[in-house]
$ cat query-v6.pdb   # PDB, C-alpha atoms
ATOM      1  CA  MET A 124       0.000   0.000   0.000
ATOM      2  CA  LYS A 125       1.291   3.430  -0.910
ATOM      3  CA  THR A 126       1.734   5.680   2.099
ATOM      4  CA  PRO A 127      -0.925   8.435   1.963
ATOM      5  CA  ALA A 128       0.215  12.009   1.523
ATOM      6  CA  ALA A 129      -1.697  15.285   1.602
ATOM      7  CA  ALA A 130      -4.959  13.647   0.573
ATOM      8  CA  LEU A 131      -4.905  11.005   3.308
ATOM      9  CA  LEU A 132      -8.459  10.735   4.448
ATOM     10  CA  LEU A 133      -9.538   8.096   6.807
ATOM     11  CA  ALA A 134      -6.295   6.816   8.008
ATOM     12  CA  THR A 135      -7.224   9.217  10.708
ATOM     13  CA  LEU A 136      -9.325   9.209  13.742
ATOM     14  CA  VAL A 137     -12.758   8.401  12.578
ATOM     15  CA  ALA A 138     -12.275   5.258  10.545
ATOM     16  CA  PRO A 139      -9.786   2.460  10.058
ATOM     17  CA  THR A 140      -7.959   2.184   6.756
ATOM     18  CA  ALA A 141      -9.875  -0.128   4.449
ATOM     19  CA  PHE A 142      -9.895  -1.316   0.867
ATOM     20  CA  ALA A 143     -11.978   0.674  -1.586
ATOM     21  CA  GLN A 144     -15.382  -0.572  -2.659
ATOM     22  CA  ASP A 145     -17.861   0.266  -5.389
ATOM     23  CA  SER A 146     -19.757   3.383  -4.351
ATOM     24  CA  PHE A 147     -20.645   6.841  -5.594
ATOM     25  CA  PHE A 148     -18.727   8.156  -2.586
ATOM     26  CA  PRO A 149     -16.183   9.447  -2.114
ATOM     27  CA  ILE A 150     -16.278  11.847  -5.019
ATOM     28  CA  TRP A 151     -12.878  11.813  -6.742
ATOM     29  CA  GLY A 152     -12.272   8.432  -5.152
ATOM     30  CA  ASP A 153     -11.266   6.829  -8.462
ATOM     31  CA  GLU A 154      -8.736   9.570  -9.066
ATOM     32  CA  ALA A 155      -7.282   9.044  -5.593
ATOM     33  CA  GLU A 156      -6.997   5.288  -6.200
ATOM     34  CA  GLN A 157      -5.248   5.904  -9.521
ATOM     35  CA  LEU A 158      -2.678   7.914  -7.602
ATOM     36  CA  GLY A 159      -2.082   4.894  -5.385
ATOM     37  CA  TYR A 160      -4.128   5.763  -2.299
ATOM     38  CA  THR A 161      -6.106   3.080  -0.504
ATOM     39  CA  LEU A 162      -9.455   4.509   0.513
ATOM     40  CA  PRO A 163     -11.575   3.449   3.466
ATOM     41  CA  LYS A 164     -15.097   2.196   3.112
ATOM     42  CA  PRO A 165     -17.251   5.284   2.588
ATOM     43  CA  TYR A 166     -20.066   4.717   5.099
ATOM     44  CA  GLY A 167     -19.841   4.368   8.857
ATOM     45  CA  ILE A 168     -21.904   4.163  12.010
ATOM     46  CA  SER A 169     -20.715   4.419  15.604
ATOM     47  CA  VAL A 170     -22.084   4.393  19.125
ATOM     48  CA  SER A 171     -20.384   6.600  21.708
ATOM     49  CA  TYR A 172     -20.498   7.546  25.387
ATOM     50  CA  MET A 173     -19.141  10.780  26.843
ATOM     51  CA  ASP A 174     -18.792  11.952  30.437
ATOM     52  CA  MET A 175     -17.919  15.589  31.185
ATOM     53  CA  SER A 176     -17.398  18.030  34.047
ATOM     54  CA  ASN A 177     -17.177  21.757  33.417
ATOM     55  CA  PRO A 178     -17.080  24.882  35.646
ATOM     56  CA  ILE A 179     -19.772  27.431  34.709
ATOM     57  CA  THR A 180     -20.305  31.130  35.329
ATOM     58  CA  VAL A 181     -23.919  32.056  36.027
ATOM     59  CA  GLU A 182     -24.462  35.445  34.427
ATOM     60  CA  SER A 183     -27.881  36.060  35.936
ATOM     61  CA  ILE A 184     -30.691  34.398  37.879
ATOM     62  CA  LYS A 185     -34.024  36.182  37.738
ATOM     63  CA  LEU A 186     -37.240  35.255  39.496
ATOM     64  CA  THR A 187     -40.454  36.038  37.634
ATOM     65  CA  GLY A 188     -44.182  36.054  38.263
ATOM     66  CA  ALA A 189     -44.642  39.177  40.401
ATOM     67  CA  PRO A 190     -43.008  42.618  40.941
ATOM     68  CA  MET A 191     -41.774  41.399  44.321
ATOM     69  CA  LEU A 192     -40.006  38.450  42.695
ATOM     70  CA  ASP A 193     -38.545  40.667  39.970
ATOM     71  CA  ALA A 194     -36.864  42.733  42.688
ATOM     72  CA  ILE A 195     -35.046  39.725  44.187
ATOM     73  CA  ASP A 196     -31.431  39.086  43.182
ATOM     74  CA  VAL A 197     -29.909  35.625  43.689
ATOM     75  CA  ASP A 198     -26.107  35.539  43.998
ATOM     76  CA  ALA A 199     -24.925  32.147  42.741
ATOM     77  CA  ARG A 200     -22.167  33.005  40.301
ATOM     78  CA  ASN A 201     -20.091  29.821  40.294
ATOM     79  CA  ALA A 202     -21.634  26.554  39.149
ATOM     80  CA  THR A 203     -20.431  23.151  38.021
ATOM     81  CA  PHE A 204     -21.957  21.187  35.169
ATOM     82  CA  THR A 205     -21.640  17.397  35.218
ATOM     83  CA  GLY A 206     -23.215  15.269  32.552
ATOM     84  CA  SER A 207     -23.022  12.432  30.099
ATOM     85  CA  ASN A 208     -24.512  11.505  26.782
ATOM     86  CA  ILE A 209     -24.973   8.509  24.537
ATOM     87  CA  THR A 210     -25.050   9.182  20.815
ATOM     88  CA  VAL A 211     -25.316   7.352  17.511
ATOM     89  CA  ARG A 212     -23.402   8.842  14.605
ATOM     90  CA  ALA A 213     -23.796   8.039  10.894
ATOM     91  CA  ASP A 214     -21.206   9.359   8.450
ATOM     92  CA  VAL A 215     -20.078   9.311   4.840
ATOM     93  CA  TRP A 216     -16.838  10.334   3.183
ATOM     94  CA  VAL A 217     -18.053  12.760   0.526
ATOM     95  CA  PHE A 218     -14.515  13.496  -0.681
ATOM     96  CA  PRO A 219     -11.279  11.634   0.093
ATOM     97  CA  PHE A 220     -10.448  14.436   2.531
ATOM     98  CA  MET A 221     -13.916  15.362   3.865
ATOM     99  CA  ASN A 222     -16.356  13.418   6.020
ATOM    100  CA  VAL A 223     -19.857  14.628   6.957
ATOM    101  CA  TYR A 224     -22.016  13.145   9.686
ATOM    102  CA  GLY A 225     -25.212  13.394  11.675
ATOM    103  CA  ILE A 226     -25.673  12.789  15.414
ATOM    104  CA  ILE A 227     -28.661  11.726  17.475
ATOM    105  CA  GLY A 228     -28.621  10.821  21.150
ATOM    106  CA  TYR A 229     -29.651  11.628  24.695
ATOM    107  CA  THR A 230     -27.918  13.885  27.233
ATOM    108  CA  GLN A 231     -28.183  13.760  31.022
ATOM    109  CA  GLY A 232     -26.756  16.721  32.878
ATOM    110  CA  GLU A 233     -27.007  18.786  36.015
ATOM    111  CA  SER A 234     -25.796  22.269  36.904
ATOM    112  CA  LYS A 235     -25.215  22.982  40.595
ATOM    113  CA  ALA A 236     -24.461  26.376  42.093
ATOM    114  CA  LYS A 237     -24.134  27.350  45.737
ATOM    115  CA  ILE A 238     -26.391  30.302  46.581
ATOM    116  CA  ASN A 239     -24.188  32.808  48.393
ATOM    117  CA  SER A 240     -26.887  35.308  49.235
ATOM    118  CA  VAL A 241     -30.312  36.650  48.304
ATOM    119  CA  SER A 242     -31.083  40.374  48.242
ATOM    120  CA  CYS A 243     -33.985  42.632  47.334
ATOM    121  CA  ASP A 244     -33.825  45.925  45.437
ATOM    122  CA  SER A 245     -36.025  48.209  47.540
ATOM    123  CA  SER A 246     -35.706  51.042  44.995
ATOM    124  CA  LYS A 247     -38.223  49.229  42.796
ATOM    125  CA  PHE A 248     -41.011  50.018  45.268
ATOM    126  CA  ASP A 249     -42.721  53.368  45.829
ATOM    127  CA  ARG A 250     -42.801  52.872  49.585
ATOM    128  CA  PRO A 251     -40.914  50.697  52.114
ATOM    129  CA  ASN A 252     -41.583  47.013  51.540
ATOM    130  CA  LEU A 253     -41.542  44.846  54.664
ATOM    131  CA  LEU A 254     -40.789  41.588  52.860
ATOM    132  CA  CYS A 255     -37.964  43.216  50.928
ATOM    133  CA  GLY A 256     -36.451  44.393  54.199
ATOM    134  CA  VAL A 257     -36.669  40.917  55.703
ATOM    135  CA  ILE A 258     -34.951  39.387  52.693
ATOM    136  CA  ASN A 259     -32.083  41.877  52.933
ATOM    137  CA  ALA A 260     -31.746  41.200  56.655
ATOM    138  CA  VAL A 261     -31.441  37.411  56.351
ATOM    139  CA  GLY A 262     -30.379  36.940  52.727
ATOM    140  CA  ASP A 263     -26.672  36.634  53.506
ATOM    141  CA  LYS A 264     -27.205  34.130  56.329
ATOM    142  CA  LEU A 265     -28.304  31.147  54.229
ATOM    143  CA  PRO A 266     -27.386  27.576  55.213
ATOM    144  CA  GLU A 267     -24.141  26.332  53.682
ATOM    145  CA  ASN A 268     -25.929  23.681  51.615
ATOM    146  CA  THR A 269     -28.384  26.052  49.903
ATOM    147  CA  MET A 270     -28.010  25.090  46.243
ATOM    148  CA  PHE A 271     -29.429  26.152  42.900
ATOM    149  CA  ASN A 272     -29.905  23.031  40.751
ATOM    150  CA  LEU A 273     -30.832  22.692  37.102
ATOM    151  CA  ASP A 274     -31.581  19.295  35.562
ATOM    152  CA  MET A 275     -30.687  19.435  31.875
ATOM    153  CA  ASP A 276     -31.773  16.115  30.391
ATOM    154  CA  GLY A 277     -33.000  15.860  26.838
ATOM    155  CA  GLY A 278     -32.553  14.682  23.279
ATOM    156  CA  THR A 279     -29.452  15.764  21.376
ATOM    157  CA  TYR A 280     -29.226  16.271  17.611
ATOM    158  CA  GLY A 281     -26.442  17.601  15.444
ATOM    159  CA  ILE A 282     -24.415  17.721  12.251
ATOM    160  CA  GLY A 283     -20.697  17.927  11.656
ATOM    161  CA  THR A 284     -17.767  17.541   9.310
ATOM    162  CA  THR A 285     -14.195  16.264   9.529
ATOM    163  CA  LEU A 286     -11.354  17.461   7.304
ATOM    164  CA  ALA A 287      -8.355  15.131   7.239
ATOM    165  CA  GLY A 288      -4.904  14.911   5.725
ATOM    166  CA  GLY A 289      -1.450  13.561   6.408
ATOM    167  CA  VAL A 290       2.154  12.973   5.390
ATOM    168  CA  GLY A 291       3.609   9.502   5.800
ATOM    169  CA  ASN A 292       2.327   8.019   9.048
ATOM    170  CA  TRP A 293       1.644  11.453  10.513
ATOM    171  CA  PHE A 294      -1.911  12.693  10.250
ATOM    172  CA  GLY A 295      -3.939  15.747  11.124
ATOM    173  CA  LEU A 296      -7.610  16.542  11.168
ATOM    174  CA  LEU A 297     -10.106  19.215  12.072
ATOM    175  CA  ASP A 298     -13.482  18.118  13.394
ATOM    176  CA  MET A 299     -16.353  20.614  13.686
ATOM    177  CA  ASN A 300     -19.936  20.037  14.772
ATOM    178  CA  TYR A 301     -23.015  21.849  15.988
ATOM    179  CA  THR A 302     -25.467  20.177  18.367
ATOM    180  CA  TYR A 303     -28.805  21.120  19.887
ATOM    181  CA  THR A 304     -30.149  19.622  23.125
ATOM    182  CA  SER A 305     -33.830  20.152  23.925
ATOM    183  CA  ILE A 306     -34.271  20.031  27.705
ATOM    184  CA  SER A 307     -37.325  18.116  28.879
ATOM    185  CA  ALA A 308     -37.691  19.203  32.532
ATOM    186  CA  ILE A 309     -37.576  22.969  31.988
ATOM    187  CA  GLU A 310     -38.002  25.417  29.127
ATOM    188  CA  GLY A 311     -34.743  25.906  27.304
ATOM    189  CA  ASP A 312     -32.085  24.337  25.165
ATOM    190  CA  ILE A 313     -28.331  23.943  24.924
ATOM    191  CA  ARG A 314     -26.678  24.942  21.662
ATOM    192  CA  THR A 315     -23.073  23.819  21.312
ATOM    193  CA  PHE A 316     -20.422  24.457  18.655
ATOM    194  CA  VAL A 317     -17.256  22.343  18.805
ATOM    195  CA  ALA A 318     -14.034  22.669  16.802
ATOM    196  CA  ALA A 319     -11.262  20.168  17.569
ATOM    197  CA  PRO A 320      -7.928  20.107  15.676
ATOM    198  CA  ARG A 321      -5.746  17.046  16.319
ATOM    199  CA  VAL A 322      -2.422  15.635  15.149
ATOM    200  CA  GLY A 323      -1.136  12.103  15.588
ATOM    201  CA  TYR A 324       0.874   9.106  14.415
ATOM    202  CA  ARG A 325      -0.230   5.651  13.282
ATOM    203  CA  TRP A 326       1.197   2.123  13.163
ATOM    204  CA  GLU A 327      -0.062  -0.607  10.803
ATOM    205  CA  TYR A 328      -0.025  -4.331  11.568
ATOM    206  CA  GLU A 329      -1.002  -7.539   9.788
ATOM    207  CA  GLY A 330      -4.666  -8.348   9.236
ATOM    208  CA  GLY A 331      -5.776  -4.754   8.883
ATOM    209  CA  ARG A 332      -5.014  -3.881  12.488
ATOM    210  CA  GLU A 333      -3.909  -0.347  13.145
ATOM    211  CA  LEU A 334      -3.086   1.831  16.144
ATOM    212  CA  ARG A 335      -3.308   5.615  16.169
ATOM    213  CA  VAL A 336      -2.371   7.989  18.967
ATOM    214  CA  PHE A 337      -3.118  11.690  18.888
ATOM    215  CA  THR A 338      -3.228  14.916  20.821
ATOM    216  CA  GLY A 339      -4.919  18.236  20.250
ATOM    217  CA  VAL A 340      -7.245  20.851  21.652
ATOM    218  CA  MET A 341     -10.993  21.315  21.729
ATOM    219  CA  TYR A 342     -12.921  24.564  21.446
ATOM    220  CA  GLN A 343     -16.465  24.359  22.769
ATOM    221  CA  LYS A 344     -18.882  27.304  22.712
ATOM    222  CA  VAL A 345     -22.050  26.658  24.718
ATOM    223  CA  ASP A 346     -25.025  29.010  24.917
ATOM    224  CA  GLN A 347     -27.571  28.370  27.669
ATOM    225  CA  PHE A 348     -30.677  30.393  28.432
ATOM    226  CA  LEU A 349     -33.093  28.467  30.631
ATOM    227  CA  SER A 350     -36.437  29.237  32.197
ATOM    228  CA  GLY A 351     -39.248  27.425  33.948
ATOM    229  CA  ASP A 352     -41.162  26.823  37.160
ATOM    230  CA  ILE A 353     -39.249  27.642  40.347
ATOM    231  CA  ALA A 354     -40.305  24.278  41.767
ATOM    232  CA  SER A 355     -37.898  22.553  39.348
ATOM    233  CA  LEU A 356     -34.801  24.155  40.920
ATOM    234  CA  GLY A 357     -34.450  21.937  43.964
ATOM    235  CA  LEU A 358     -34.874  24.836  46.406
ATOM    236  CA  PRO A 359     -36.273  24.214  49.913
ATOM    237  CA  SER A 360     -40.040  23.635  49.793
ATOM    238  CA  VAL A 361     -40.719  26.566  52.114
ATOM    239  CA  VAL A 362     -38.964  28.910  49.641
ATOM    240  CA  VAL A 363     -40.952  27.513  46.712
ATOM    241  CA  ALA A 364     -44.229  27.856  48.628
ATOM    242  CA  ALA A 365     -43.464  31.454  49.581
ATOM    243  CA  ALA A 366     -42.521  32.385  45.997
ATOM    244  CA  ASP A 367     -45.653  30.727  44.614
ATOM    245  CA  LYS A 368     -47.777  32.610  47.158
ATOM    246  CA  ILE A 369     -46.280  35.913  45.954
ATOM    247  CA  ALA A 370     -46.943  34.934  42.335
ATOM    248  CA  ASN A 371     -50.515  33.881  43.179
ATOM    249  CA  ASP A 372     -51.202  37.244  44.795
ATOM    250  CA  ALA A 373     -50.018  38.883  41.569
ATOM    251  CA  GLY A 374     -52.396  36.764  39.501
ATOM    252  CA  ASN A 375     -49.978  34.069  38.306
ATOM    253  CA  GLU A 376     -50.210  30.349  38.998
ATOM    254  CA  HIS A 377     -46.524  29.769  39.807
ATOM    255  CA  ALA A 378     -43.307  31.667  40.363
ATOM    256  CA  GLY A 379     -40.776  31.231  37.586
ATOM    257  CA  PHE A 380     -37.097  31.761  36.864
ATOM    258  CA  GLU A 381     -34.757  32.749  34.037
ATOM    259  CA  VAL A 382     -31.088  31.746  33.998
ATOM    260  CA  SER A 383     -28.286  32.744  31.651
ATOM    261  CA  GLN A 384     -24.942  30.946  32.027
ATOM    262  CA  HIS A 385     -21.820  29.978  30.099
ATOM    263  CA  ALA A 386     -18.714  27.823  30.506
ATOM    264  CA  ASN A 387     -15.718  29.414  32.242
ATOM    265  CA  SER A 388     -13.325  28.301  29.513
ATOM    266  CA  ASN A 389     -13.994  27.425  25.873
ATOM    267  CA  TRP A 390     -10.745  25.439  25.473
ATOM    268  CA  ASN A 391      -9.263  22.247  26.849
ATOM    269  CA  ASN A 392      -6.586  19.741  25.836
ATOM    270  CA  VAL A 393      -7.288  16.235  24.566
ATOM    271  CA  VAL A 394      -5.262  13.045  24.141
ATOM    272  CA  GLY A 395      -6.451   9.719  22.823
ATOM    273  CA  MET A 396      -5.958   6.591  20.784
ATOM    274  CA  GLN A 397      -7.852   4.559  18.216
ATOM    275  CA  TYR A 398      -7.399   0.868  17.559
ATOM    276  CA  ALA A 399      -8.722  -0.881  14.448
ATOM    277  CA  PHE A 400      -9.422  -4.568  15.145
ATOM    278  CA  ASN A 401      -9.657  -5.175  11.400
ATOM    279  CA  ARG A 402     -10.726  -3.266   8.310
ATOM    280  CA  ASP A 403     -14.306  -2.890   9.564
ATOM    281  CA  TRP A 404     -14.328  -2.374  13.351
ATOM    282  CA  ASP A 405     -12.520   0.143  15.544
ATOM    283  CA  VAL A 406     -12.647   1.616  19.027
ATOM    284  CA  LEU A 407     -11.765   5.195  19.939
ATOM    285  CA  VAL A 408     -10.877   6.473  23.430
ATOM    286  CA  GLU A 409     -10.244  10.131  24.243
ATOM    287  CA  ALA A 410      -9.669  12.090  27.453
ATOM    288  CA  GLY A 411      -9.927  15.838  27.923
ATOM    289  CA  PHE A 412      -8.196  17.770  30.677
ATOM    290  CA  GLY A 413      -7.854  21.360  31.794
ATOM    291  CA  ALA A 414     -10.737  23.561  32.913
ATOM    292  CA  ARG A 415     -13.095  21.079  31.244
ATOM    293  CA  GLU A 416     -12.564  17.375  31.965
ATOM    294  CA  SER A 417     -14.044  14.676  29.761
ATOM    295  CA  PHE A 418     -13.902  11.006  28.841
ATOM    296  CA  PHE A 419     -15.096   9.714  25.467
ATOM    297  CA  ILE A 420     -15.325   6.190  24.038
ATOM    298  CA  ALA A 421     -16.833   5.056  20.735
ATOM    299  CA  LEU A 422     -17.227   1.782  18.837
ATOM    300  CA  GLY A 423     -17.379   2.175  15.066
ATOM    301  CA  ARG A 424     -18.269   0.035  12.048
ATOM    302  CA  ARG A 425     -17.578   0.867   8.359
ATOM    303  CA  PHE A 426     -19.394  -0.417   5.293
TER     304      PHE A 426
END

$ encode --input "query-v6.pdb" --output "structure tokens"
Amino acid sequence: MKTPAAALLLATLVAPTAFAQDSFFPIWGDEAEQLGYTLPKPYGISVSYMDMSNPITVESIKLTGAPMLDAIDVDARNATFTGSNITVRADVWVFPFMNVYGIIGYTQGESKAKINSVSCDSSKFDRPNLLCGVINAVGDKLPENTMFNLDMDGGTYGIGTTLAGGVGNWFGLLDMNYTYTSISAIEGDIRTFVAAPRVGYRWEYEGGRELRVFTGVMYQKVDQFLSGDIASLGLPSVVVAAADKIANDAGNEHAGFEVSQHANSNWNNVVGMQYAFNRDWDVLVEAGFGARESFFIALGRRF
């Protein structure tokens, strides 16, 4: 087999090297074969699991449902997101250097933030407000375990592309994808853009076996704006009852909330390896470290 050069496609992360087969894809595949390149099978499917922990900055927490609730400010700036997801990915190599794919799966996640204090803006009232004064008097004396919790479970969908190339046994790739998670417990969604450049080296063995090791970085931009019923936040029942009573007096059924938050850092480092058992099956393991910690494993099959 001729060693792939700049047009090396799948002797990269996402698929084991394989013999070419009759297919419309990849486009320009015949030309690549005539130049001596061995192309992988064009179609693939994989199942993956990912576990992640990420520090989050809470930009704002607003209570809604009554003027009294609008005046309350909740100080819970630092949060931690922990979660996992299971996804199925289907892909095709459209060109010898470009793969496109779709993702569908389910995400389970939780954001936890310690509530440091609660205060009330008395300037929003025309005259002294007794409840506002009480909140300001006791709002910085909350129990240590007073937490602000958001359950962020829901279906995940996305699309992406991988651009790959290499020289000799060295390879490089850039993977980019955009995913959308619709949260079931509260109103809101998580929109995530990921760009992950990687470089690595590969070793080939008899029987189509191959080992690849790689390192790189991952950029992840996450936008989160969430809202819903205050009862879904895991606050003490007495707090929920009091907030609902205020909302009821204002003509609303329940007190609500609005939260805007983002990850502390968009970047982290990744290292990993991929092992091809043969020309059809492979397993990929990747770990991320830095401000965001992650573990990823996927089993793939090519056709």

$ closest_residue --input "query-v6.pdb" --among "A:Tyr280, A:Phe412, A:Tyr224, A:Tyr328" --to "Thr210 (chain A)" --atoms "all atoms listed in the file"
A:Tyr280

$ atom_distance --input "query-v6.pdb" --atom1 "CA of Phe294 (chain A)" --atom2 "CA of Ile168 (chain A)"
21.8 Å

$ closest_atom_pairs --input "query-v6.pdb" --of "region 258-354 of chain A" --to "region 197-201 of chain A" --cutoff "12 Å" --atoms "all atoms listed in the file" --output "tab-separated table"
residue	atom	partner	partner_atom	distance
A:Ile258	CA	A:Val197	CA	11.0
A:Asn259	CA	A:Val197	CA	11.4
A:Gly262	CA	A:Val197	CA	9.1
A:Asp263	CA	A:Asp198	CA	9.6
A:Leu265	CA	A:Asp198	CA	11.3
A:Thr269	CA	A:Ala199	CA	10.0
A:Met270	CA	A:Ala199	CA	8.5
A:Phe271	CA	A:Ala199	CA	7.5
A:Asn272	CA	A:Ala199	CA	10.6

$ closest_residue --input "query-v6.pdb" --among "A:Gly288, A:Pro320, A:Pro359, A:Gly232" --to "Ala308 (chain A)" --atoms "all atoms listed in the file"
A:Gly232

$ residues_around --input "query-v6.pdb" --residues "Ile309 (chain A)" --least-positions-apart "6" --cutoff "8 Å" --atoms "only C-alpha atoms" --output "list in words"
Asp274, Met275, Leu349, Ser350, Gly351, Asp352 and Ser355 of chain A

$ resolve_selection --input "query-v6.pdb" --expression "the PyMOL selection byres ((chain A and resi 391) around 7)" --output "PyMOL selection string"
chain A and resi 340-342+390+392-393+411-415

$ write_last_selection --input "query-v6.pdb" --atoms "C-alpha atoms" --output "PDB file, keeping the file's coordinate frame"
ATOM      1  CA  VAL A 340      -7.245  20.851  21.652  1.00  0.00           C
ATOM      2  CA  MET A 341     -10.993  21.315  21.729  1.00  0.00           C
ATOM      3  CA  TYR A 342     -12.921  24.564  21.446  1.00  0.00           C
ATOM      4  CA  TRP A 390     -10.745  25.439  25.473  1.00  0.00           C
ATOM      5  CA  ASN A 392      -6.586  19.741  25.836  1.00  0.00           C
ATOM      6  CA  VAL A 393      -7.288  16.235  24.566  1.00  0.00           C
ATOM      7  CA  GLY A 411      -9.927  15.838  27.923  1.00  0.00           C
ATOM      8  CA  PHE A 412      -8.196  17.770  30.677  1.00  0.00           C
ATOM      9  CA  GLY A 413      -7.854  21.360  31.794  1.00  0.00           C
ATOM     10  CA  ALA A 414     -10.737  23.561  32.913  1.00  0.00           C
ATOM     11  CA  ARG A 415     -13.095  21.079  31.244  1.00  0.00           C
TER      12      ARG A 415
END

$ resolve_selection --input "query-v6.pdb" --expression "the PyMOL selection byres ((chain A and resi 362-374) around 10)" --output "PyMOL selection string"
chain A and resi 186-192+352-361+375-379
